[in-house]
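Shown next: start-v2.txt, given as compact mmCIF, C-alpha atoms.
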```
# COMPACT_ATOMS: atom_id res chain seq x y z
CA ASP Y 15 0.00 0.00 0.00
CA HIS Y 16 1.23 3.47 -0.84
CA ALA Y 17 2.42 5.38 2.23
CA GLN Y 18 0.83 8.82 2.15
CA SER Y 19 2.98 11.84 2.81
CA SER Y 20 1.99 15.48 3.04
CA GLU Y 21 3.14 16.01 -0.55
CA ASP Y 22 0.41 13.61 -1.72
CA PHE Y 23 -2.21 16.21 -0.84
CA VAL Y 24 -2.47 19.37 -2.86
CA GLY Y 25 -2.40 22.81 -1.29
CA LEU Y 26 -2.05 21.61 2.25
CA GLY Y 27 0.39 22.92 4.84
CA VAL Y 28 1.69 20.76 7.68
CA ASP Y 29 -0.41 22.58 10.32
CA GLU Y 30 -3.54 22.14 8.23
CA GLU Y 31 -2.80 18.45 7.68
CA GLN Y 32 -2.59 17.91 11.44
CA GLN Y 33 -5.98 19.62 11.99
CA SER Y 34 -7.74 17.76 9.17
CA TYR Y 35 -8.83 14.27 8.15
CA PRO Y 36 -8.00 12.60 4.84
CA VAL Y 37 -10.97 11.73 2.65
CA GLN Y 38 -10.63 9.75 -0.52
CA VAL Y 39 -13.01 11.04 -3.19
CA ARG Y 40 -13.97 9.23 -6.37
CA HIS Y 41 -15.62 10.64 -9.44
CA GLN Y 42 -16.11 9.01 -12.83
CA GLY Y 43 -13.23 6.59 -12.38
CA HIS Y 44 -10.79 9.14 -10.96
CA VAL Y 45 -9.57 9.08 -7.36
CA ALA Y 46 -7.99 11.81 -5.25
CA THR Y 47 -7.45 12.46 -1.56
CA ILE Y 48 -8.41 15.73 0.08
CA PHE Y 49 -8.21 16.87 3.67
CA VAL Y 50 -11.35 18.06 5.41
CA ARG Y 51 -10.86 20.38 8.35
CA LYS Y 52 -12.65 19.83 11.62
CA ASP Y 53 -16.06 21.59 11.55
CA GLU Y 54 -15.82 22.13 7.77
CA PRO Y 55 -18.52 20.81 5.41
CA ILE Y 56 -17.09 18.33 2.93
CA LEU Y 57 -18.28 20.44 0.00
CA GLN Y 58 -16.36 23.45 1.32
CA ALA Y 59 -13.21 21.32 1.53
CA LEU Y 60 -13.74 20.12 -2.04
CA GLU Y 61 -14.08 23.71 -3.23
CA ARG Y 62 -11.18 24.95 -1.10
CA GLN Y 63 -8.63 22.44 -2.23
CA SER Y 64 -7.24 22.03 -5.65
CA THR Y 65 -8.14 18.67 -7.12
CA LEU Y 66 -5.25 18.95 -9.54
CA PRO Y 67 -2.74 16.17 -9.03
CA THR Y 68 0.53 16.49 -7.34
CA ASN Y 69 3.06 15.55 -9.97
CA PRO Y 70 3.56 11.77 -9.64
CA LYS Y 71 6.07 11.79 -12.53
CA ALA Y 72 8.23 14.25 -10.59
CA ARG Y 73 8.33 11.66 -7.80
CA GLY Y 74 9.20 8.91 -10.30
CA GLU Y 75 5.69 7.41 -10.25
CA ASN Y 76 2.89 7.08 -12.73
CA ASP Y 77 -0.88 6.85 -12.25
CA GLU Y 78 -0.73 3.05 -11.96
CA THR Y 79 2.01 3.00 -9.31
CA ASN Y 80 1.06 5.94 -7.14
CA GLY Y 81 -1.36 3.96 -5.02
CA GLY Y 82 -4.23 4.32 -7.46
CA LYS Y 83 -4.49 8.03 -6.81
CA SER Y 84 -4.96 10.49 -9.61
CA SER Y 85 -6.61 13.82 -10.06
CA LEU Y 86 -10.35 14.11 -10.16
CA ALA Y 87 -9.65 16.77 -12.77
CA LEU Y 88 -12.87 18.59 -11.94
CA SER Y 89 -13.36 22.12 -13.13
CA HIS Y 90 -16.64 22.13 -11.20
CA ILE Y 91 -17.47 20.19 -8.03
CA PRO Y 92 -20.90 18.56 -8.56
CA HIS Y 93 -23.36 20.76 -6.68
CA GLU Y 94 -25.91 23.50 -7.18
CA CYS Y 95 -26.84 23.98 -3.52
CA ARG Y 96 -26.43 27.74 -3.60
CA ARG Y 97 -28.78 27.90 -6.59
CA GLY Y 98 -31.52 26.16 -4.61
CA ASN Y 99 -31.13 22.75 -6.23
CA CYS Y 100 -31.04 20.47 -3.24
CA LEU Y 101 -29.62 16.92 -3.53
CA THR Y 102 -27.15 17.97 -6.27
CA CYS Y 103 -24.15 17.60 -3.92
CA SER Y 104 -25.09 14.02 -3.03
CA SER Y 105 -22.31 11.53 -2.44
CA ARG Y 106 -22.29 7.88 -1.47
CA ILE Y 107 -20.26 6.68 1.48
CA GLU Y 108 -18.28 3.67 0.26
CA GLU Y 109 -18.93 0.44 2.17
CA THR Y 110 -15.26 0.20 3.14
CA SER Y 111 -15.44 3.60 4.87
CA GLU Y 112 -15.31 4.21 8.59
CA THR Y 113 -18.93 5.40 8.60
CA GLN Y 114 -18.77 6.40 12.25
CA ASN Y 115 -16.31 9.12 11.12
CA VAL Y 116 -18.98 10.93 9.08
CA LEU Y 117 -21.43 13.31 10.68
CA ALA Y 118 -24.01 13.26 7.90
CA ASN Y 119 -26.70 15.67 6.79
CA VAL Y 120 -26.56 18.14 9.69
CA ASP Y 121 -29.17 20.93 9.61
CA ASN Y 122 -30.04 20.09 6.01
CA GLY Y 123 -33.63 21.33 5.97
CA LEU Y 124 -34.89 18.01 4.58
CA SER Y 125 -37.95 16.30 5.96
CA PRO Y 126 -37.14 13.68 8.59
CA THR Y 127 -38.42 10.96 6.25
CA VAL Y 128 -36.10 12.02 3.41
CA ALA Y 129 -33.13 12.49 5.76
CA SER Y 130 -33.58 9.03 7.28
CA GLU Y 131 -33.96 7.46 3.82
CA LEU Y 132 -30.66 9.06 2.74
CA ALA Y 133 -28.90 7.81 5.86
CA ARG Y 134 -30.35 4.31 5.50
CA SER Y 135 -29.20 4.18 1.85
CA GLY Y 136 -25.64 5.37 2.61
CA TYR Y 137 -25.84 8.79 0.95
CA ILE Y 138 -24.86 12.18 2.29
CA LEU Y 139 -25.19 15.77 1.16
CA THR Y 140 -21.64 17.15 1.11
CA CYS Y 141 -22.88 20.70 1.80
CA CYS Y 142 -24.02 19.71 5.30
CA SER Y 143 -21.88 16.69 6.21
CA PHE Y 144 -18.67 16.67 8.22
CA VAL Y 145 -15.74 14.31 8.75
CA THR Y 146 -14.79 13.42 12.33
CA GLY Y 147 -11.97 10.96 11.68
CA PRO Y 148 -9.89 9.18 9.04
CA GLY Y 149 -10.88 6.32 6.73
CA VAL Y 150 -13.71 7.93 4.76
CA THR Y 151 -14.18 7.29 1.04
CA LEU Y 152 -16.87 9.06 -0.97
CA GLU Y 153 -18.23 8.64 -4.49
CA LEU Y 154 -19.23 12.10 -5.75
CA ASP Y 155 -22.05 13.07 -8.12
CA GLN Y 156 -24.75 10.70 -6.89
CA ASN Y 157 -27.66 13.12 -7.32
CA GLU Y 158 -29.53 10.95 -9.84
CA GLN Y 159 -29.38 7.91 -7.56
CA VAL Y 160 -30.52 10.00 -4.58
CA TRP Y 161 -33.32 11.52 -6.66
CA ASP Y 162 -34.48 7.97 -7.47
CA ILE Y 163 -34.41 6.97 -3.80
CA VAL Y 164 -36.09 10.10 -2.50
CA TYR Y 165 -38.74 10.60 -5.16
CA ARG Y 166 -39.16 7.77 -7.65
CA LYS Y 167 -38.75 4.89 -5.18
CA ARG Y 168 -41.07 6.45 -2.61
CA ILE Y 169 -43.74 6.99 -5.27
CA CYS Y 170 -43.51 3.33 -6.29
CA ASP Y 171 -43.76 1.67 -2.89
CA THR Y 172 -46.93 -0.25 -1.96
CA ASN Y 173 -48.25 2.36 0.46
CA SER Y 174 -47.82 5.19 -2.05
CA LYS Y 175 -49.51 3.16 -4.80
CA GLN Y 176 -52.47 2.49 -2.50
CA ILE Y 177 -52.78 6.18 -1.64
CA ALA Y 178 -52.61 7.10 -5.35
CA THR Y 179 -55.28 4.52 -6.26
CA GLU Y 180 -57.60 5.79 -3.52
CA ALA Y 181 -57.07 9.41 -4.62
CA GLN Y 182 -57.82 8.49 -8.23
CA ALA Y 183 -61.01 6.66 -7.18
CA ARG Y 184 -62.17 9.70 -5.16
CA LEU Y 185 -61.51 11.97 -8.13
CA LEU Y 186 -63.42 9.70 -10.53
CA ARG Y 187 -66.35 9.47 -8.10
CA ARG Y 188 -66.44 13.26 -7.74
CA VAL Y 189 -66.39 13.75 -11.52
CA ASP Y 190 -69.21 11.21 -11.91
CA GLU Y 191 -71.23 12.88 -9.14
CA GLU Y 192 -70.89 16.23 -10.91
CA ASN Y 193 -71.93 14.66 -14.26
CA VAL Y 194 -74.70 12.25 -13.30
CA GLY Y 195 -76.30 12.23 -16.78
CA LYS Y 196 -73.01 11.29 -18.46
CA TRP Y 197 -72.34 8.63 -15.83
CA LYS Y 198 -75.81 7.15 -16.28
CA ARG Y 199 -75.35 6.87 -20.10
CA ARG Y 200 -71.93 5.24 -19.63
CA MET Y 201 -73.32 2.72 -17.14
CA GLU Y 202 -76.22 1.84 -19.50
CA GLU Y 203 -73.72 1.19 -22.34
CA VAL Y 204 -71.66 -1.05 -20.07
CA TRP Y 205 -74.80 -2.93 -19.03
CA LYS Y 206 -75.82 -3.48 -22.67
CA ARG Y 207 -72.35 -4.75 -23.64
CA GLY Y 208 -72.39 -7.10 -20.70
CA ASP Y 209 -68.79 -6.38 -19.72
CA GLY Y 210 -67.69 -5.02 -16.43
CA ASP Y 211 -65.29 -2.49 -17.96
CA VAL Y 212 -66.32 0.94 -16.76
```

Represent the structure contained in this file as structure tokens.
Amino acid sequence: DHAQSSEDFVGLGVDEEQQSYPVQVRHQGHVATIFVRKDEPILQALERQSTLPTNPKARGENDETNGGKSSLALSHIPHECRRGNCLTCSSRIEETSETQNVLANVDNGLSPTVASELARSGYILTCCSFVTGPGVTLELDQNEQVWDIVYRKRICDTNSKQIATEAQARLLRRVDEENVGKWKRRMEEVWKRGDGDV
């Protein structure tokens, strides 16, 4: 395993390294390590630090031999939080991470149901999550997966389908009650055809 030195982390002084925790971040097949300060949201650390690589060739290494680390090469960290687009800074905590070292989704403004669903699924919002120790690995840019979990999956569960069916039935009944003559003609046609299809 590649021993990490302070030169492996871009833009980081020795004092800052001692007051911060290393976080490995992955994005579209690229891997880099950043340091997140105590009491600093992960997104702020991503923005603060350069994700440009230290020069592995200058150290006599290449991307394959430098411990699997390379630049994320991001010109833009995936988020639109400040534009009011919540969930766009979503990241997944890798299963190999020390999950107890992540203080996730603090004061995020989400409903308790949504927040607990994110936590249960292993996702965090980097704008309101903090690192409290080493050993954390994150996969960035998970907003589509989180959107599916929060909105599409919840709409498709059994309870939601039952609620939707009941709401549709109430709406159809109300429309029929407001148009009794039309309903009566439709029911007579169904009766004549002998099918039960309303």

Expected answer as a ChimeraX atom specification: all residues with atoms within 6 Å of (-19.2, 10.4, -5.1), all atoms listed in the file: /Y:40-41,105-106,152-156

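Nearest-residue note for Glu94 (chain Y): choosing from Y:Thr146, Y:Thr47, Y:Asn157, Y:Gln176, the minimum distance belongs to Y:Asn157, counting all atoms listed in the file.
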
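Between CA of Pro92 (chain Y) and CA of Pro148 (chain Y) the interatomic distance comes to 22.8 Å.
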
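Within 9 Å of region 49-55 of chain Y, once only C-alpha atoms are used and residues closer than 5 positions along the same chain are dropped, the contacting residues are Phe23, Leu26, Glu30, Glu31, Gln33, Ser34, Tyr35, Pro36, Val37, Gln38, Leu60, Gln63, Thr140, Cys141, Cys142, Ser143, Phe144, Val145, Thr146 and Gly147 of chain Y.
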
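Relative to CA of Gly149 (chain Y), CA of Val45 (chain Y) is found at 14.4 Å.
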
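Between CA of Ser104 (chain Y) and CA of Val160 (chain Y) the interatomic distance comes to 6.9 Å.
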
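The nearest approach to Ser130 (chain Y) among the residues Y:Gln159, Y:Glu180, Y:Ala118, Y:Gly43, with all atoms listed in the file taken into account, belongs to Y:Ala118.
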
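Each of Y:Arg187, Y:Thr102, Y:Thr127, Y:Ala181 was checked against Trp161 (chain Y) using all atoms listed in the file; the smallest atom-to-atom distance is that of Y:Thr102.
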